[in-house]
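Below is the file my_file_28.txt, which contains compact mmCIF, C-alpha atoms and all ligand atoms.
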# COMPACT_ATOMS: atom_id res chain seq x y z
CA MET A 20 -9.16 12.11 1.81
CA ASP A 21 -12.50 12.72 3.49
CA ARG A 22 -12.52 9.21 4.89
CA LEU A 23 -11.18 10.49 8.21
CA ASP A 24 -13.04 13.03 10.32
CA GLY A 25 -9.92 14.50 11.81
CA SER A 26 -6.16 14.39 11.42
CA ALA A 27 -4.56 11.12 10.45
CA HIS A 28 -2.65 9.55 13.30
CA LEU A 29 0.01 8.47 10.82
CA MET A 30 0.40 9.13 7.13
CA ILE A 31 2.74 6.77 5.31
CA VAL A 32 3.98 7.97 1.96
CA SER A 33 5.75 5.12 0.26
CA ASP A 34 7.37 4.43 -3.05
CA LEU A 35 6.31 1.10 -4.58
CA ASP A 36 9.05 -0.69 -6.54
CA PHE A 37 11.70 -2.00 -4.19
CA THR A 38 10.24 -0.04 -1.28
CA MET A 39 6.72 -1.33 -0.58
CA VAL A 40 7.15 -4.14 -3.11
CA ASP A 41 10.17 -6.41 -3.00
CA HIS A 42 10.51 -7.85 -6.49
CA LEU A 43 13.09 -10.31 -5.16
CA ASP A 44 10.60 -11.82 -2.70
CA PRO A 45 8.29 -14.08 -4.73
CA ASP A 46 6.24 -14.87 -1.61
CA ASN A 47 5.66 -11.16 -0.86
CA LEU A 48 6.09 -11.89 2.81
CA GLY A 49 7.36 -8.44 3.78
CA LEU A 50 4.41 -6.83 2.07
CA LEU A 51 1.92 -9.25 3.62
CA ARG A 52 3.38 -8.52 7.06
CA PHE A 53 2.95 -4.80 6.46
CA ASN A 54 -0.60 -5.30 5.17
CA ALA A 55 -1.68 -7.24 8.25
CA MET A 56 -0.24 -4.58 10.53
CA TRP A 57 -1.82 -1.73 8.59
CA GLU A 58 -5.30 -3.23 8.50
CA ALA A 59 -5.19 -4.35 12.14
CA TYR A 60 -3.92 -1.14 13.69
CA TYR A 61 -3.79 1.76 11.26
CA ARG A 62 -6.48 1.63 8.60
CA GLN A 63 -9.15 3.17 10.82
CA ASP A 64 -7.32 6.37 11.70
CA SER A 65 -4.35 6.68 9.37
CA LEU A 66 -3.61 7.34 5.71
CA LEU A 67 -1.72 5.24 3.22
CA VAL A 68 -0.21 7.06 0.27
CA PHE A 69 1.70 5.42 -2.57
CA SER A 70 4.09 7.63 -4.48
CA THR A 71 5.48 6.01 -7.58
CA GLY A 72 7.22 6.76 -10.83
CA ARG A 73 4.74 4.46 -12.54
CA SER A 74 2.04 5.84 -14.81
CA PRO A 75 -1.58 4.90 -13.98
CA THR A 76 -1.39 2.07 -16.57
CA ILE A 77 1.55 0.20 -15.07
CA TYR A 78 0.54 1.19 -11.54
CA LYS A 79 -2.73 -0.69 -12.02
CA GLN A 80 -0.80 -3.61 -13.45
CA LEU A 81 1.33 -3.84 -10.30
CA MET A 82 -1.79 -3.64 -8.11
CA LYS A 83 -3.04 -6.76 -9.86
CA GLU A 84 0.24 -8.64 -9.65
CA LYS A 85 1.12 -7.98 -6.02
CA PRO A 86 -0.93 -8.12 -2.81
CA LEU A 87 -0.96 -4.35 -2.44
CA LEU A 88 -3.49 -2.58 -0.25
CA THR A 89 -5.73 0.12 -1.69
CA PRO A 90 -4.08 3.43 -0.82
CA ASP A 91 -6.05 6.49 0.24
CA ILE A 92 -4.04 8.56 -2.20
CA ALA A 93 -1.94 7.52 -5.18
CA ILE A 94 0.73 9.89 -6.47
CA MET A 95 1.86 8.65 -9.85
CA SER A 96 4.19 9.50 -12.70
CA VAL A 97 6.85 10.95 -10.35
CA GLY A 98 4.54 13.36 -8.56
CA THR A 99 2.79 14.69 -11.64
CA GLU A 100 -0.56 12.95 -11.08
CA ILE A 101 -2.44 12.77 -7.77
CA MET A 102 -5.51 10.57 -7.39
CA TYR A 103 -7.82 10.03 -4.45
CA GLY A 104 -9.55 6.96 -3.13
CA GLU A 105 -10.38 3.66 -4.71
CA SER A 106 -12.15 5.34 -7.60
CA MET A 107 -8.94 7.30 -8.28
CA ILE A 108 -10.36 10.79 -8.61
CA ARG A 109 -7.82 13.10 -10.23
CA ASP A 110 -6.63 16.27 -8.56
CA GLU A 111 -7.18 18.66 -11.43
CA ASP A 112 -5.94 21.69 -9.47
CA TRP A 113 -2.56 20.02 -9.22
CA GLU A 114 -2.37 19.39 -12.95
CA GLN A 115 -3.48 22.95 -13.64
CA TYR A 116 -0.68 24.21 -11.42
CA LEU A 117 1.89 22.11 -13.28
CA ASN A 118 1.03 23.78 -16.58
CA LYS A 119 2.96 26.86 -15.46
CA ASN A 120 6.02 27.35 -17.66
CA TRP A 121 5.62 23.88 -19.12
CA ASN A 122 5.44 22.99 -22.76
CA ARG A 123 5.57 19.35 -23.66
CA GLU A 124 6.30 19.99 -27.34
CA ILE A 125 9.42 21.97 -26.60
CA VAL A 126 10.61 19.18 -24.31
CA THR A 127 10.16 16.54 -27.01
CA GLU A 128 11.83 18.77 -29.59
CA GLU A 129 14.89 19.36 -27.44
CA THR A 130 15.25 15.82 -26.13
CA ALA A 131 15.15 14.55 -29.72
CA GLN A 132 18.57 16.18 -30.16
CA PHE A 133 20.12 13.62 -27.81
CA PRO A 134 20.75 10.19 -29.36
CA GLU A 135 21.80 8.95 -25.88
CA LEU A 136 18.16 9.18 -24.78
CA THR A 137 15.91 6.21 -25.50
CA PRO A 138 12.22 7.01 -24.99
CA GLN A 139 10.37 4.84 -22.47
CA SER A 140 7.18 3.10 -23.54
CA GLU A 141 4.18 5.13 -24.69
CA THR A 142 2.25 4.44 -21.44
CA GLU A 143 5.01 6.20 -19.46
CA GLN A 144 4.81 9.42 -21.48
CA ARG A 145 2.39 11.60 -19.54
CA PRO A 146 1.04 15.15 -19.86
CA HIS A 147 3.60 16.42 -17.34
CA LYS A 148 6.31 13.77 -17.68
CA VAL A 149 8.55 12.90 -20.60
CA SER A 150 10.60 9.79 -19.86
CA PHE A 151 13.74 8.15 -21.21
CA PHE A 152 16.36 5.59 -20.50
CA VAL A 153 19.97 6.72 -20.45
CA GLU A 154 23.14 4.86 -19.55
CA LYS A 155 24.69 5.78 -16.24
CA ILE A 156 28.01 6.93 -17.72
CA LYS A 157 26.30 9.31 -20.11
CA ALA A 158 23.61 10.56 -17.75
CA LEU A 159 25.39 13.43 -16.04
CA LYS A 160 26.55 15.06 -19.26
CA VAL A 161 23.18 14.72 -20.95
CA ILE A 162 21.36 16.12 -17.91
CA ARG A 163 23.59 19.22 -17.83
CA SER A 164 23.34 20.04 -21.46
CA LEU A 165 19.62 19.26 -21.77
CA SER A 166 18.78 21.39 -18.80
CA GLU A 167 20.68 24.36 -20.33
CA ARG A 168 18.86 23.98 -23.62
CA LEU A 169 15.42 23.84 -21.98
CA GLU A 170 16.20 26.82 -19.82
CA LYS A 171 17.19 28.81 -22.90
CA ARG A 172 13.78 28.06 -24.35
CA GLY A 173 12.06 29.50 -21.30
CA LEU A 174 10.96 26.31 -19.55
CA ASP A 175 11.17 25.67 -15.82
CA VAL A 176 11.92 21.96 -15.73
CA LYS A 177 13.24 19.41 -13.35
CA LEU A 178 15.32 16.42 -14.45
CA VAL A 179 15.09 13.36 -12.22
CA TYR A 180 17.47 10.44 -12.61
CA SER A 181 16.48 7.12 -10.98
CA ASN A 182 17.56 3.52 -10.71
CA GLU A 183 20.70 4.44 -12.65
CA THR A 184 18.70 4.18 -15.83
CA ALA A 185 15.51 6.30 -15.96
CA LEU A 186 15.49 10.01 -16.76
CA ASP A 187 12.28 11.97 -16.30
CA VAL A 188 11.70 15.51 -17.50
CA LEU A 189 9.03 17.20 -15.37
CA PRO A 190 7.74 20.72 -14.73
CA LYS A 191 9.83 22.40 -12.05
CA GLY A 192 6.93 22.37 -9.56
CA ALA A 193 6.42 18.60 -9.94
CA GLY A 194 8.14 15.64 -8.30
CA LYS A 195 7.40 13.37 -5.41
CA GLY A 196 8.51 15.95 -2.83
CA GLN A 197 6.46 18.80 -4.22
CA ALA A 198 3.37 16.61 -4.58
CA LEU A 199 3.67 15.65 -0.92
CA ALA A 200 4.21 19.28 0.13
CA TYR A 201 1.07 20.18 -1.85
CA LEU A 202 -0.94 17.47 -0.06
CA LEU A 203 0.31 18.54 3.36
CA GLU A 204 -0.66 22.12 2.59
CA LYS A 205 -4.16 20.94 1.64
CA PHE A 206 -4.46 19.04 4.92
CA LYS A 207 -3.29 22.11 6.80
CA VAL A 208 -5.92 24.33 5.18
CA ASP A 209 -8.58 21.74 6.13
CA GLY A 210 -7.26 21.58 9.70
CA LYS A 211 -6.36 17.91 9.20
CA MET A 212 -2.59 17.93 9.29
CA PRO A 213 -1.42 14.34 9.99
CA VAL A 214 0.07 13.93 13.45
CA ASN A 215 3.06 12.11 11.95
CA THR A 216 4.20 11.52 8.40
CA LEU A 217 6.66 8.80 7.41
CA VAL A 218 8.18 8.79 3.92
CA CYS A 219 9.74 5.63 2.52
CA GLY A 220 11.93 5.18 -0.52
CA ASP A 221 14.82 3.44 -2.21
CA SER A 222 15.95 5.43 -5.24
CA GLY A 223 16.81 8.81 -6.73
CA ASN A 224 13.30 10.04 -7.39
CA ASP A 225 12.48 9.45 -3.71
CA ALA A 226 15.18 11.85 -2.45
CA GLU A 227 12.76 14.79 -2.61
CA LEU A 228 10.39 13.06 -0.21
CA PHE A 229 13.09 13.23 2.44
CA SER A 230 13.51 16.99 2.04
CA VAL A 231 9.91 17.78 2.96
CA PRO A 232 10.05 19.54 6.34
CA GLU A 233 8.92 17.77 9.51
CA VAL A 234 8.56 14.28 8.12
CA TYR A 235 10.18 11.09 9.30
CA GLY A 236 11.96 9.12 6.64
CA VAL A 237 13.21 5.62 5.98
CA MET A 238 15.57 4.59 3.25
CA VAL A 239 15.05 0.83 3.07
CA SER A 240 18.15 -1.36 3.51
CA ASN A 241 18.26 -2.08 -0.21
CA ALA A 242 18.24 1.65 -1.10
CA GLN A 243 20.32 2.54 -4.12
CA GLU A 244 23.65 4.25 -4.15
CA GLU A 245 22.15 7.42 -5.70
CA LEU A 246 19.75 7.91 -2.75
CA LEU A 247 22.37 7.09 -0.11
CA ARG A 248 24.75 9.53 -1.75
CA TRP A 249 22.07 12.23 -1.78
CA HIS A 250 21.46 11.56 1.91
CA ALA A 251 25.16 11.73 2.79
CA GLU A 252 25.49 15.07 1.00
CA ASN A 253 22.23 16.69 2.08
CA ALA A 254 20.63 15.16 5.13
CA ARG A 255 23.28 13.30 7.10
CA ASN A 256 22.55 15.25 10.28
CA ASN A 257 18.81 14.84 10.18
CA PRO A 258 17.95 12.43 13.04
CA ASN A 259 14.48 11.85 11.56
CA ILE A 260 15.84 9.90 8.61
CA ILE A 261 17.13 6.36 8.99
CA HIS A 262 18.69 3.80 6.71
CA ALA A 263 16.86 0.62 7.73
CA THR A 264 18.63 -2.70 8.15
CA GLU A 265 15.59 -4.49 6.72
CA ARG A 266 14.54 -4.66 3.10
CA CYS A 267 11.49 -2.98 1.58
CA ALA A 268 8.22 -3.21 3.59
CA ALA A 269 10.07 -4.80 6.53
CA GLY A 270 12.19 -1.64 6.62
CA ILE A 271 9.01 0.44 6.87
CA ILE A 272 7.81 -1.63 9.84
CA GLN A 273 11.24 -1.16 11.39
CA ALA A 274 11.02 2.63 10.98
CA ILE A 275 7.59 2.76 12.64
CA GLY A 276 9.19 1.13 15.67
CA ASN A 277 12.33 3.23 15.51
CA PHE A 278 10.40 6.53 15.57
CA SER A 279 7.69 5.18 17.94
CA LEU A 280 4.91 6.03 15.50
CA GLY A 281 2.55 3.29 16.70
CA PRO A 282 2.25 -0.52 16.91
CA ASN A 283 5.14 -2.13 15.04
CA VAL A 284 4.52 -5.83 15.40
CA SER A 285 2.73 -7.39 12.49
CA PRO A 286 -0.01 -9.85 13.47
CA ARG A 287 1.70 -12.14 10.93
CA ASP A 288 4.65 -12.39 13.31
CA ILE A 289 2.45 -13.55 16.18
CA ARG A 290 2.10 -17.31 16.29
CA ASP A 291 -0.08 -17.57 19.36
CA PHE A 292 -2.72 -14.89 19.80
CA GLN A 293 -3.79 -16.36 23.12
CA LYS A 294 -0.48 -15.26 24.58
CA CYS A 295 -0.65 -11.86 23.00
CA LYS A 296 -3.64 -9.91 24.18
CA VAL A 297 -4.48 -6.70 22.40
CA GLU A 298 -5.86 -4.30 24.97
CA ILE A 299 -8.41 -2.54 22.85
CA LEU A 300 -11.28 -4.47 21.31
CA ASN A 301 -10.53 -3.71 17.70
CA SER A 302 -12.56 -5.08 14.82
CA GLY A 303 -9.73 -4.57 12.31
CA HIS A 304 -7.45 -6.68 14.41
CA GLU A 305 -10.16 -9.31 14.81
CA VAL A 306 -10.61 -9.66 11.04
CA VAL A 307 -6.85 -9.83 10.38
CA LYS A 308 -6.41 -12.36 13.18
CA PHE A 309 -9.20 -14.63 11.93
CA TYR A 310 -7.93 -14.73 8.35
CA LEU A 311 -4.38 -15.42 9.52
CA PHE A 312 -5.76 -18.32 11.49
CA TYR A 313 -7.74 -19.46 8.45
CA GLU A 314 -4.67 -19.25 6.18
CA ARG A 315 -2.65 -21.25 8.69
CA TRP A 316 -5.50 -23.72 9.04
CA ARG A 317 -5.47 -24.47 5.33
CA ARG A 318 -1.68 -24.53 5.20
CA ALA A 319 -1.71 -26.91 8.20
CA GLU A 320 0.37 -24.46 10.22
CA VAL A 321 -2.05 -24.69 13.14
CA ALA A 322 -3.23 -27.92 14.72
CA LYS A 323 -6.58 -29.30 13.64
CA ASN A 324 -8.52 -28.44 16.73
CA MET A 325 -12.17 -27.62 16.21
CA GLU A 326 -12.43 -25.61 19.44
CA THR A 327 -11.25 -22.37 17.86
CA PRO A 328 -13.58 -22.30 14.82
CA LYS A 329 -16.48 -23.26 17.06
CA LEU A 330 -15.60 -20.48 19.44
CA ILE A 331 -15.32 -17.83 16.73
CA PHE A 332 -18.74 -18.32 15.13
CA PHE A 333 -22.24 -17.95 16.48
CA PRO A 334 -23.68 -21.45 15.96
CA LEU A 335 -27.01 -20.18 14.67
CA GLY A 336 -25.37 -17.64 12.35
CA THR A 337 -25.46 -17.66 8.57
CA PHE A 338 -22.89 -17.30 5.83
CA VAL A 339 -24.02 -15.89 2.51
CA HIS A 340 -21.62 -17.44 0.02
CA PRO A 341 -20.53 -15.11 -2.81
CA SER A 342 -22.44 -17.34 -5.23
CA GLY A 343 -25.55 -16.08 -3.42
CA VAL A 344 -26.34 -19.29 -1.56
CA GLU A 345 -27.09 -18.98 2.13
CA GLN A 346 -25.50 -21.58 4.40
CA PRO A 347 -25.90 -22.25 8.13
CA VAL A 348 -22.68 -21.58 10.03
CA ASN A 349 -22.69 -25.07 11.52
CA HIS A 350 -22.44 -26.50 8.04
CA CYS A 351 -19.57 -24.12 7.21
CA ILE A 352 -17.65 -25.26 10.27
CA ASP A 353 -17.91 -28.85 9.02
CA VAL A 354 -16.58 -27.72 5.63
CA MET A 355 -13.76 -25.86 7.35
CA ALA A 356 -12.78 -29.02 9.21
CA ARG A 357 -12.34 -30.82 5.89
CA LEU A 358 -10.23 -27.99 4.47
CA HIS A 359 -7.55 -28.33 7.14
CA GLY A 360 -4.20 -28.74 5.38
CA ASP A 361 -5.64 -28.74 1.86
CA LYS A 362 -3.12 -26.02 0.90
CA GLN A 363 -0.20 -27.47 2.82
CA GLY A 364 3.16 -26.80 1.21
CA THR A 365 1.69 -24.33 -1.32
CA ASN A 366 1.92 -20.56 -1.73
CA TYR A 367 -1.68 -20.04 -0.59
CA ARG A 368 -2.06 -16.62 1.09
CA ILE A 369 -4.87 -14.47 2.41
CA TRP A 370 -4.95 -10.75 3.05
CA VAL A 371 -7.62 -8.20 3.82
CA ASP A 372 -7.87 -4.66 2.50
CA ARG A 373 -9.90 -1.54 3.35
CA VAL A 374 -11.23 -2.78 6.68
CA SER A 375 -13.80 -0.33 7.99
CA SER A 376 -16.21 -0.74 10.84
CA ALA A 377 -19.25 0.93 12.30
CA GLN A 378 -20.62 0.34 15.77
CA VAL A 379 -24.29 -0.46 15.28
CA GLY A 380 -25.26 -1.38 18.83
CA SER A 381 -23.80 -1.29 22.33
CA ASP A 382 -21.87 -4.49 21.62
CA THR A 383 -22.17 -5.02 17.87
CA TRP A 384 -20.12 -3.86 14.92
CA LEU A 385 -20.70 -4.04 11.21
CA VAL A 386 -17.33 -4.61 9.58
CA LYS A 387 -16.69 -4.31 5.87
CA PHE A 388 -13.53 -5.24 3.96
CA TYR A 389 -12.08 -6.87 0.88
CA LYS A 390 -10.87 -10.39 1.47
CA TRP A 391 -8.33 -11.66 -1.03
CA GLU A 392 -6.72 -15.02 -1.48
CA SER A 393 -4.03 -16.05 -3.88
CA PHE A 394 -2.93 -19.47 -4.88
CA GLY A 395 -0.52 -20.17 -7.71
CA GLU A 396 -1.34 -17.67 -10.43
CA GLU A 397 -4.92 -17.35 -9.28
CA ARG A 398 -6.30 -14.55 -7.19
CA HIS A 399 -9.87 -14.12 -5.97
CA GLY A 400 -11.52 -11.50 -3.83
CA CYS A 401 -14.79 -10.78 -2.10
CA LEU A 402 -16.39 -7.73 -0.63
CA THR A 403 -17.16 -9.06 2.81
CA THR A 404 -19.50 -7.80 5.49
CA VAL A 405 -19.47 -9.30 8.97
CA LEU A 406 -21.61 -8.64 12.00
CA LEU A 407 -19.45 -8.95 15.12
CA SER A 408 -20.64 -9.12 18.69
CA SER A 409 -18.45 -8.57 21.71
CA LYS A 410 -21.02 -9.80 24.20
CA ALA A 411 -21.20 -13.51 23.67
CA LYS A 412 -18.98 -16.33 24.65
CA VAL A 413 -15.46 -15.19 23.74
CA PRO A 414 -13.80 -13.43 26.66
CA ASP A 415 -12.13 -10.19 25.45
CA GLY A 416 -13.04 -11.12 21.90
CA PHE A 417 -15.72 -11.12 19.25
CA THR A 418 -18.27 -13.61 18.03
CA TRP A 419 -18.89 -13.68 14.29
CA MET A 420 -22.67 -13.52 14.01
CA HIS A 421 -23.24 -13.28 10.28
CA MET A 422 -21.12 -13.04 7.14
CA HIS A 423 -22.04 -11.96 3.65
CA GLN A 424 -19.72 -12.03 0.63
CA THR A 425 -19.93 -10.74 -2.96
CA TRP A 426 -17.31 -11.37 -5.64
CA LEU A 427 -15.18 -8.37 -6.44
CA GLY A 428 -15.52 -7.49 -10.12
CA GLY A 429 -14.12 -10.22 -12.32
CA SER A 430 -12.39 -12.12 -9.54
CA GLU A 431 -14.64 -15.12 -9.13
CA PRO A 432 -13.07 -18.56 -9.61
CA GLU A 433 -14.37 -20.99 -12.19
CA ASP A 434 -15.11 -23.49 -9.49
CA GLN A 435 -16.84 -21.65 -6.65
CA THR A 436 -17.45 -24.70 -4.49
CA ASN A 437 -14.03 -24.55 -2.83
CA TRP A 438 -14.55 -21.05 -1.53
CA LEU A 439 -15.29 -20.61 2.14
CA PHE A 440 -15.25 -17.34 4.12
MG MG A 501 11.63 2.45 -6.02
Render the structure in this file as structure tokens.
Ligand SMILES: [Mg+2]
Amino acid sequence: MDRLDGSAHLMIVSDLDFTMVDHLDPDNLGLLRFNAMWEAYYRQDSLLVFSTGRSPTIYKQLMKEKPLLTPDIAIMSVGTEIMYGESMIRDEDWEQYLNKNWNREIVTEETAQFPELTPQSETEQRPHKVSFFVEKIKALKVIRSLSERLEKRGLDVKLVYSNETALDVLPKGAGKGQALAYLLEKFKVDGKMPVNTLVCGDSGNDAELFSVPEVYGVMVSNAQEELLRWHAENARNNPNIIHATERCAAGIIQAIGNFSLGPNVSPRDIRDFQKCKVEILNSGHEVVKFYLFYERWRRAEVAKNMETPKLIFFPLGTFVHPSGVEQPVNHCIDVMARLHGDKQGTNYRIWVDRVSSAQVGSDTWLVKFYKWESFGEERHGCLTTVLLSSKAKVPDGFTWMHMHQTWLGGSEPEDQTNWLF
């Protein structure tokens, strides 16, 4: 949260399953388009928040399976757990607050009276969330009667039904909406209220996000009946909520354009950067642009023309390979020439995460990011540092002076020789 000095230009608060992540898109193209846009234009001055029903255990699983960016804040277990930054520091004040009128034992005792309720896996049972599966036709009746019983025993609870199958019992003050309201209040106290907030969701437990005052909202095109119904009954006249025509992450990009919240063209959708000048010299954009070029180079989606690689790199520069071996850039350019098309027709993809940059001289920037590539079932990543100069030979662009990479914990390939940049 302290990453930004002032207010975030945009804060995106997005659900994960079937909102940020499209489980029906094996190539993750919508997500990769969003990622490129976020790192190129938003990472430096905006905040990314994931708000999911997943517990930390299966949240981390998804982060490994899909090319998800590292969020600034993760709200998990249907708004009952809030964690900050990459090291996922828990908000203990929030959990303290949720203890009010909550008693997990009473909840388990009472829910045990309902044979219609099948407990979810052990990982999904959390200090402030007790979770079940229940068939759609039985859900309404169970919810009514359970909520009466818990009330009689003095608990203030909230029952959230999602995806026409999952029932969560939470403290009344919990939920995705309340967790977001809590965060916004914290920002307000710190004088860092985001300029704009966009909430994104697809199912029942996301409905609360759309009731938070003064936020923009997008229900992705594939949103479920239960959310659309909630919208029709409660928020139909709110012009700040749209039902996108695009699925998942593409729907989020669409909403950014619809509400004019900032740049809404993903660099992934630009085939020719020469024809598309970005006015501001932006190191995030430079890094995204280079790795898109590099991905297309290896997939043979750009012509094998050595002019561009030669133009990007400072000929006397060095590349410190993640294995620790230092290589002259000229040698790397020769290697790159040989790699053209080596991943043609495959699912090879590259994305960058957590791009941050510091100006270290009148025309030089030190840029740091995670560079990931995936190929088949394999996925490898490097912490990457690049020294960029805006002075040299590229008009309106950067020259890559020096690059240094270190494997990200446990992600090094068995054969390191094929790794470049
Ligand atoms: Mg969802």
Within 10 Å of ligand MG 501 (chain A), counting all atoms listed in the file, which protein or nucleic acid residues do you find, written as a count of residues only?
27
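Counting from CA of Asn283 (chain A), the distance to CA of Ser65 (chain A) is 14.1 Å.
Here CA of Gly428 (chain A) and CA of Arg109 (chain A) stand 22.0 Å from one another.
When all atoms listed in the file are used to compute distances to Phe53 (chain A), the closest of the residues A:Trp370, A:Trp419, A:Trp316, A:Trp384 turns out to be A:Trp370.
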Residues of region 83-143 of chain A that approach region 392-409 of chain A to 10 Å or less, counting only C-alpha atoms: could you list each one with the shortest pair of atoms and its distance in Å to one decimal, rows by chain and increasing residue number, as a tab-separated table?
residue	atom	partner	partner_atom	distance
A:Lys83	CA	A:Arg398	CA	8.9
A:Glu84	CA	A:Arg398	CA	9.2
A:Lys85	CA	A:Ser393	CA	9.8
A:Pro86	CA	A:Ser393	CA	8.6
Expected file: the selected residues, C-alpha atoms, as an mmCIF file, keeping the file's coordinate frame:
data_model
loop_
_atom_site.group_PDB
_atom_site.id
_atom_site.type_symbol
_atom_site.label_atom_id
_atom_site.label_comp_id
_atom_site.auth_asym_id
_atom_site.auth_seq_id
_atom_site.Cartn_x
_atom_site.Cartn_y
_atom_site.Cartn_z
ATOM 1 C CA LYS A 83 -3.040 -6.760 -9.860
ATOM 2 C CA GLU A 84 0.240 -8.640 -9.650
ATOM 3 C CA LYS A 85 1.120 -7.980 -6.020
ATOM 4 C CA PRO A 86 -0.930 -8.120 -2.810
#
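In this comparison, which uses all atoms listed in the file, the residue of A:Lys119, A:Lys195, A:Arg317, A:Arg163 approaching Ile94 (chain A) most closely is A:Lys195.
Closest to Thr365 (chain A) among A:Asn324, A:Arg318, A:Asp382, A:Leu202 is A:Arg318, based on all atoms listed in the file.
Residue nearest Ala198 (chain A) within the list A:Pro45, A:Met355, A:Phe69, A:Phe151: A:Phe69 [criterion: smallest interatomic distance, all atoms listed in the file].
Considering the residues A:Gly343, A:Gly104, A:Gly98, A:Gly196 and counting all atoms listed in the file, Lys148 (chain A) has its shortest atom-to-atom contact with A:Gly98.
Every protein or nucleic acid residue with an atom no more than 9 Å from region 168-179 of chain A, counting only C-alpha atoms and leaving out same-chain residues fewer than 3 positions away, appears here: Val97, Lys119, Asn120, Trp121, Asn122, Ile125, Val126, Glu129, Ile162, Arg163, Ser164, Leu165, Ala185, Leu186, Asp187, Val188, Leu189, Pro190, Lys191, Gly192, Ala193, Gly194, Gly223 and Asn224 of chain A.
The coordinates place CA of Gln435 (chain A) at 11.0 Å from CA of Val344 (chain A).
Counting all atoms listed in the file, the residue from A:Glu105, A:Leu117, A:Glu204, A:Val231 that sits nearest to Val32 (chain A) is A:Val231.
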Neighbouring residues of region 309-314 of chain A were defined as those with any atom within 8 Å, considering only C-alpha atoms; residues of the same chain fewer than 6 positions away were excluded. Please report them as JSON, numbers by chain.
{"A": [287, 321, 367, 368, 369, 370, 371]}
Export of the given selection (C-alpha atoms) as a compact mmCIF listing (two decimals), in the frame of the given file:
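This went into out33.txt:
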# COMPACT_ATOMS: atom_id res chain seq x y z
CA ARG A 287 1.70 -12.14 10.93
CA VAL A 321 -2.05 -24.69 13.14
CA TYR A 367 -1.68 -20.04 -0.59
CA ARG A 368 -2.06 -16.62 1.09
CA ILE A 369 -4.87 -14.47 2.41
CA TRP A 370 -4.95 -10.75 3.05
CA VAL A 371 -7.62 -8.20 3.82
Coordinates of box centre and edge lengths for region 178-190 of chain A, 8 Å on every side, axis-aligned, as lines of an AutoDock Vina configuration file:
center_x = 14.2
center_y = 12.1
center_z = -14.1
size_x = 29.0
size_y = 33.2
size_z = 22.8
Which residues are close to Val68 (chain A), i.e. within 6 Å by all atoms listed in the file, leaving aside same-chain residues fewer than 5 positions away? Reply as a PDB file with C-alpha atoms, in the coordinates of the input.
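Wrote part-v5.pdb, looks like this:
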ATOM      1  CA  ILE A  31       2.740   6.770   5.310  1.00  0.00           C
ATOM      2  CA  VAL A  32       3.980   7.970   1.960  1.00  0.00           C
ATOM      3  CA  PRO A  90      -4.080   3.430  -0.820  1.00  0.00           C
ATOM      4  CA  ASP A  91      -6.050   6.490   0.240  1.00  0.00           C
ATOM      5  CA  ILE A  92      -4.040   8.560  -2.200  1.00  0.00           C
ATOM      6  CA  ALA A  93      -1.940   7.520  -5.180  1.00  0.00           C
TER       7      ALA A  93
END
Write out as a ChimeraX atom specification the residues lying within 12 Å of Ala322 (chain A), counting only C-alpha atoms and excluding same-chain residues fewer than 6 positions away.
/A:290-291,312-313,315-316,328,356,359-360
Identify the residues around (24.2, 1.0, -12.9) within a radius of 9 Å, measuring from all atoms listed in the file in the coordinates stated by the file, and give them as a PyMOL selection string.
chain A and resi 154-156+182-184
When you look at Phe333 (chain A) with a cut-off of 8 Å (counting all atoms listed in the file), what residues show up, excluding the ones that are within fewer than 5 positions of it in the same chain? I need them as a CSV table (one decimal) with C-alpha atoms, in the coordinates of the input.
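Written file, selection.csv:
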chain,number,residue,atom,x,y,z
A,348,VAL,CA,-22.7,-21.6,10.0
A,418,THR,CA,-18.3,-13.6,18.0
A,419,TRP,CA,-18.9,-13.7,14.3
A,420,MET,CA,-22.7,-13.5,14.0
A,421,HIS,CA,-23.2,-13.3,10.3
Would you please take region 31-48 of chain A of the structure in the block above and write C-alpha atoms to a file as an mmCIF file, in the first residue's frame?
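Saved to decode31.cif:
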data_model
loop_
_atom_site.group_PDB
_atom_site.id
_atom_site.type_symbol
_atom_site.label_atom_id
_atom_site.label_comp_id
_atom_site.auth_asym_id
_atom_site.auth_seq_id
_atom_site.Cartn_x
_atom_site.Cartn_y
_atom_site.Cartn_z
ATOM 1 C CA ILE A 31 -8.840 -2.021 -10.007
ATOM 2 C CA VAL A 32 -10.549 -4.437 -7.668
ATOM 3 C CA SER A 33 -11.145 -7.655 -9.526
ATOM 4 C CA ASP A 34 -12.482 -11.088 -8.792
ATOM 5 C CA LEU A 35 -10.271 -13.882 -10.157
ATOM 6 C CA ASP A 36 -12.179 -16.952 -11.379
ATOM 7 C CA PHE A 37 -14.056 -16.154 -14.562
ATOM 8 C CA THR A 38 -13.371 -12.431 -14.153
ATOM 9 C CA MET A 39 -9.604 -11.854 -14.342
ATOM 10 C CA VAL A 40 -9.000 -15.497 -15.261
ATOM 11 C CA ASP A 41 -10.922 -17.137 -18.078
ATOM 12 C CA HIS A 42 -10.782 -20.862 -17.399
ATOM 13 C CA LEU A 43 -12.185 -21.496 -20.877
ATOM 14 C CA ASP A 44 -9.237 -19.749 -22.538
ATOM 15 C CA PRO A 45 -6.302 -22.177 -22.395
ATOM 16 C CA ASP A 46 -4.009 -19.592 -24.016
ATOM 17 C CA ASN A 47 -4.871 -16.950 -21.379
ATOM 18 C CA LEU A 48 -4.880 -14.328 -24.088
#
